[in-house]
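Engineer: One structure is given below, represented as structure tokens, and several questions about it will come after.
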Amino acid sequence: MATQHPSADLWPLYDLVVRTPRLELRYPTDEDLAVLARLPSEGIHEPDRQPFHVAWTEGASPRREQDSLRWWWSQRANWSVDDWSLSLAVVVDGGIVGVQDAMAKHFPALRSVSTGSWLVRRAQGHGVGAEMRAAVLELAFRGLGAREAHSSAFEWNIPSIRVSEKVGYEPNGEELTMRGTTPDRTLCFRLGRDAWSARQRPDIEIAGLESSLALFGLGPDRQPLG
Ligand SMILES: CC(C)(COP(=O)(O)OP(=O)(O)OC[C@H]1O[C@@H](n2cnc3c(N)ncnc32)[C@H](O)[C@@H]1OP(=O)(O)O)[C@@H](O)C(=O)NCCC(=O)NCCS
């Protein structure tokens, strides 16, 4: 298939897009990353409700934006078959409103992914969070042949927990983790391939993945490359 992005012949992830009836997840260009880096200044969470383990939303401008860019660029630079982190821009009605992440270690052997996400506040509470999780799960299970997906959230983060429940995850234990410098309880969730199969979304389109499969250590049949 012809590549869309001018550098996709060298870095095929640039062509990766997952489309649902409501939104698109796309591999971000540098211009997309600049839009994403600026979004937290509009607000992602209440000031006293930091939902992330690292308080990256709280830095002063322009340091915060620069740190975010460095983080996403480091994901590209450090990508490997056995340790990758894929941040996809969430696009609704043509505008970027957040990030849907998928991460995995030793994916060709373990077939297990973890996810994380955030939306700018104006985009929250309208079902976008559940739809973008469904989209990344299609990418993981149908696109990459995952066996299971994991997610976690602080026990008070009801929207995140509800999203996991709505798309079919089951509770998978809890642990005490650090939220910045404070211990806080994290609830863990797991979705197995069988449970995903019962709820899969054929209306979600995955485009531009085939040329990226080698970056995930997979052949066209989704089996590990030799
Ligand atoms: C978590 C997040 C991505 C979810 O996206 P979203 O678009 O807001 O979620 P949705 O609208 O798809 O679903 C949220 C669900 O939580 C429910 N919910 C939200 N606040 C709630 C509350 N205080 N009590 C009970 N349910 C609540 C909603 O009703 C909805 O469930 P429903 O469809 O069954 O009614 C988004 O809220 C966000 O970016 N939050 C800040 C960053 C964050 O917490 N990221 C995750 C870190 S683990």
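By order of appearance in the structure tokens: chains A, B, ..., then residues from 1 within every chain, and ligands from 1 in the order shown.
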Name the residues of stretch 32-192 of chain A that fall into helix (DSSP H, G or I) according to DSSP on the backbone, using the chain letters and numbers of this document, as a ChimeraX atom specification.

Structural biologist: /A:32-42,56-58,63-77,107-110,121-123,128-143,158-166

Engineer: Any chance you could tabulate, as JSON lines, the residues of chain A at most 8 Å from ligand 1 with each one's nearest atom pair and distance in Å to one decimal, using only C-alpha atoms and all ligand atoms, in chain and rising number order?

Structural biologist:
```
{"residue": "A:Ile44", "atom": "CA", "partner": "ligand 1", "partner_atom_place_in_ligand_line": "41 (C)", "distance": 5.3}
{"residue": "A:His45", "atom": "CA", "partner": "ligand 1", "partner_atom_place_in_ligand_line": "41 (C)", "distance": 5.3}
{"residue": "A:Gln50", "atom": "CA", "partner": "ligand 1", "partner_atom_place_in_ligand_line": "44 (O)", "distance": 7.9}
{"residue": "A:Pro51", "atom": "CA", "partner": "ligand 1", "partner_atom_place_in_ligand_line": "44 (O)", "distance": 4.8}
{"residue": "A:Phe52", "atom": "CA", "partner": "ligand 1", "partner_atom_place_in_ligand_line": "47 (C)", "distance": 5.7}
{"residue": "A:Gly98", "atom": "CA", "partner": "ligand 1", "partner_atom_place_in_ligand_line": "39 (O)", "distance": 7.5}
{"residue": "A:Gly116", "atom": "CA", "partner": "ligand 1", "partner_atom_place_in_ligand_line": "48 (S)", "distance": 6.1}
{"residue": "A:Ser117", "atom": "CA", "partner": "ligand 1", "partner_atom_place_in_ligand_line": "45 (N)", "distance": 5.1}
{"residue": "A:Trp118", "atom": "CA", "partner": "ligand 1", "partner_atom_place_in_ligand_line": "39 (O)", "distance": 3.4}
{"residue": "A:Leu119", "atom": "CA", "partner": "ligand 1", "partner_atom_place_in_ligand_line": "39 (O)", "distance": 3.7}
{"residue": "A:Val120", "atom": "CA", "partner": "ligand 1", "partner_atom_place_in_ligand_line": "39 (O)", "distance": 6.2}
{"residue": "A:Arg121", "atom": "CA", "partner": "ligand 1", "partner_atom_place_in_ligand_line": "39 (O)", "distance": 6.9}
{"residue": "A:Ala123", "atom": "CA", "partner": "ligand 1", "partner_atom_place_in_ligand_line": "7 (O)", "distance": 6.3}
{"residue": "A:Gln124", "atom": "CA", "partner": "ligand 1", "partner_atom_place_in_ligand_line": "8 (O)", "distance": 3.5}
{"residue": "A:Gly125", "atom": "CA", "partner": "ligand 1", "partner_atom_place_in_ligand_line": "11 (O)", "distance": 3.4}
{"residue": "A:His126", "atom": "CA", "partner": "ligand 1", "partner_atom_place_in_ligand_line": "11 (O)", "distance": 4.2}
{"residue": "A:Gly127", "atom": "CA", "partner": "ligand 1", "partner_atom_place_in_ligand_line": "12 (O)", "distance": 3.1}
{"residue": "A:Val128", "atom": "CA", "partner": "ligand 1", "partner_atom_place_in_ligand_line": "7 (O)", "distance": 4.0}
{"residue": "A:Gly129", "atom": "CA", "partner": "ligand 1", "partner_atom_place_in_ligand_line": "5 (O)", "distance": 3.2}
{"residue": "A:Ala130", "atom": "CA", "partner": "ligand 1", "partner_atom_place_in_ligand_line": "12 (O)", "distance": 3.8}
{"residue": "A:Glu131", "atom": "CA", "partner": "ligand 1", "partner_atom_place_in_ligand_line": "12 (O)", "distance": 6.4}
{"residue": "A:Ser151", "atom": "CA", "partner": "ligand 1", "partner_atom_place_in_ligand_line": "48 (S)", "distance": 7.7}
{"residue": "A:Ser152", "atom": "CA", "partner": "ligand 1", "partner_atom_place_in_ligand_line": "48 (S)", "distance": 5.9}
{"residue": "A:Ala153", "atom": "CA", "partner": "ligand 1", "partner_atom_place_in_ligand_line": "48 (S)", "distance": 4.1}
{"residue": "A:Phe154", "atom": "CA", "partner": "ligand 1", "partner_atom_place_in_ligand_line": "48 (S)", "distance": 6.6}
{"residue": "A:Asn157", "atom": "CA", "partner": "ligand 1", "partner_atom_place_in_ligand_line": "44 (O)", "distance": 6.2}
{"residue": "A:Ile158", "atom": "CA", "partner": "ligand 1", "partner_atom_place_in_ligand_line": "21 (C)", "distance": 5.3}
{"residue": "A:Pro159", "atom": "CA", "partner": "ligand 1", "partner_atom_place_in_ligand_line": "16 (O)", "distance": 3.4}
{"residue": "A:Ser160", "atom": "CA", "partner": "ligand 1", "partner_atom_place_in_ligand_line": "1 (C)", "distance": 3.8}
{"residue": "A:Ile161", "atom": "CA", "partner": "ligand 1", "partner_atom_place_in_ligand_line": "16 (O)", "distance": 7.2}
{"residue": "A:Arg162", "atom": "CA", "partner": "ligand 1", "partner_atom_place_in_ligand_line": "16 (O)", "distance": 4.7}
{"residue": "A:Val163", "atom": "CA", "partner": "ligand 1", "partner_atom_place_in_ligand_line": "13 (O)", "distance": 5.2}
{"residue": "A:Lys166", "atom": "CA", "partner": "ligand 1", "partner_atom_place_in_ligand_line": "34 (O)", "distance": 6.6}
```

Engineer: Need the shell around A:Arg111: protein/DNA/RNA residues with any atom at most 7 Å away, counting only C-alpha atoms. Skip same-chain ones fewer than 4 positions apart. Format as a ChimeraX atom specification?

Structural biologist: /A:107,146-148

Engineer: With DSSP run on the backbone, what are the strand (DSSP E or B) residues within stretch 39-210 of chain A? I'd like them as JSON, numbers by chain.

Structural biologist: {"A": [80, 83, 84, 85, 86, 87, 88, 89, 90, 91, 92, 95, 96, 97, 98, 99, 100, 101, 102, 103, 104, 105, 112, 113, 114, 115, 116, 117, 118, 119, 148, 149, 150, 151, 152, 153, 154, 170, 171, 172, 173, 174, 175, 176, 177, 178, 179, 182, 183, 184, 185, 186, 187, 188, 189, 190, 191, 192, 205, 206, 207]}

Engineer: Name all residues at most 10 Å from A:Leu191 (count only C-alpha atoms; drop same-chain ones fewer than 4 positions away) and give them as a ChimeraX atom specification.

Structural biologist: /A:112-113,137,147-151,164-165,167-172,195-196

Engineer: Using only N, CA and C atoms, please write the residues we just selected to a file, as a JSON list (two decimals), in the first residue's frame.

Structural biologist:
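File result.json, as written:
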```
[["chain", "number", "residue", "atom", "x", "y", "z"],
["A", 112, "SER", "N", 0.94, -9.20, 25.86],
["A", 112, "SER", "CA", 0.23, -8.47, 26.90],
["A", 112, "SER", "C", 0.51, -6.98, 26.75],
["A", 113, "VAL", "N", -0.55, -6.16, 26.78],
["A", 113, "VAL", "CA", -0.36, -4.71, 26.69],
["A", 113, "VAL", "C", -0.97, -4.04, 27.92],
["A", 137, "LEU", "N", -7.97, -1.18, 22.12],
["A", 137, "LEU", "CA", -8.09, -2.63, 22.35],
["A", 137, "LEU", "C", -8.23, -3.37, 21.02],
["A", 147, "ARG", "N", -3.00, -11.24, 23.79],
["A", 147, "ARG", "CA", -3.72, -12.22, 24.62],
["A", 147, "ARG", "C", -4.47, -11.53, 25.75],
["A", 148, "GLU", "N", -3.90, -10.44, 26.27],
["A", 148, "GLU", "CA", -4.55, -9.77, 27.39],
["A", 148, "GLU", "C", -4.14, -8.30, 27.44],
["A", 149, "ALA", "N", -5.01, -7.52, 28.09],
["A", 149, "ALA", "CA", -4.74, -6.09, 28.27],
["A", 149, "ALA", "C", -4.94, -5.74, 29.74],
["A", 150, "HIS", "N", -4.09, -4.83, 30.21],
["A", 150, "HIS", "CA", -4.14, -4.42, 31.61],
["A", 150, "HIS", "C", -4.35, -2.91, 31.72],
["A", 151, "SER", "N", -4.99, -2.51, 32.81],
["A", 151, "SER", "CA", -5.15, -1.09, 33.09],
["A", 151, "SER", "C", -5.19, -0.91, 34.60],
["A", 164, "SER", "N", -12.83, 1.23, 32.24],
["A", 164, "SER", "CA", -12.34, -0.17, 32.22],
["A", 164, "SER", "C", -13.52, -1.14, 32.35],
["A", 165, "GLU", "N", -14.42, -0.84, 33.28],
["A", 165, "GLU", "CA", -15.58, -1.73, 33.48],
["A", 165, "GLU", "C", -16.46, -1.77, 32.24],
["A", 167, "VAL", "N", -15.81, -1.39, 29.11],
["A", 167, "VAL", "CA", -15.31, -2.13, 27.94],
["A", 167, "VAL", "C", -14.97, -3.58, 28.29],
["A", 168, "GLY", "N", -15.29, -4.01, 29.52],
["A", 168, "GLY", "CA", -15.24, -5.44, 29.82],
["A", 168, "GLY", "C", -14.12, -5.95, 30.69],
["A", 169, "TYR", "N", -13.26, -5.05, 31.20],
["A", 169, "TYR", "CA", -12.18, -5.52, 32.08],
["A", 169, "TYR", "C", -12.78, -6.10, 33.37],
["A", 170, "GLU", "N", -12.02, -7.02, 33.98],
["A", 170, "GLU", "CA", -12.37, -7.59, 35.28],
["A", 170, "GLU", "C", -11.37, -7.07, 36.32],
["A", 171, "PRO", "N", -11.80, -6.94, 37.58],
["A", 171, "PRO", "CA", -10.85, -6.55, 38.64],
["A", 171, "PRO", "C", -9.70, -7.56, 38.72],
["A", 172, "ASN", "N", -8.50, -7.06, 38.95],
["A", 172, "ASN", "CA", -7.31, -7.92, 38.95],
["A", 172, "ASN", "C", -6.37, -7.52, 40.08],
["A", 195, "ALA", "N", -12.78, -12.51, 26.52],
["A", 195, "ALA", "CA", -13.75, -11.46, 26.89],
["A", 195, "ALA", "C", -13.80, -10.38, 25.83],
["A", 196, "TRP", "N", -12.63, -10.03, 25.27],
["A", 196, "TRP", "CA", -12.62, -9.03, 24.18],
["A", 196, "TRP", "C", -13.38, -9.57, 22.97]]
```

Engineer: Excluding A:Glu155 and any residue of its chain fewer than 2 positions from it, enumerate the residues within 6 Å of it, using only C-alpha atoms, and give them as a VMD selection string.

Structural biologist: chain A and resid 157 185 to 187

Engineer: Which is closest to A:Met132 among A:Asn78, A:Thr20, A:Ser68, A:Ser7, if we use only C-alpha atoms?

Structural biologist: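 Closest residue, counting only C-alpha atoms: A:Thr20.
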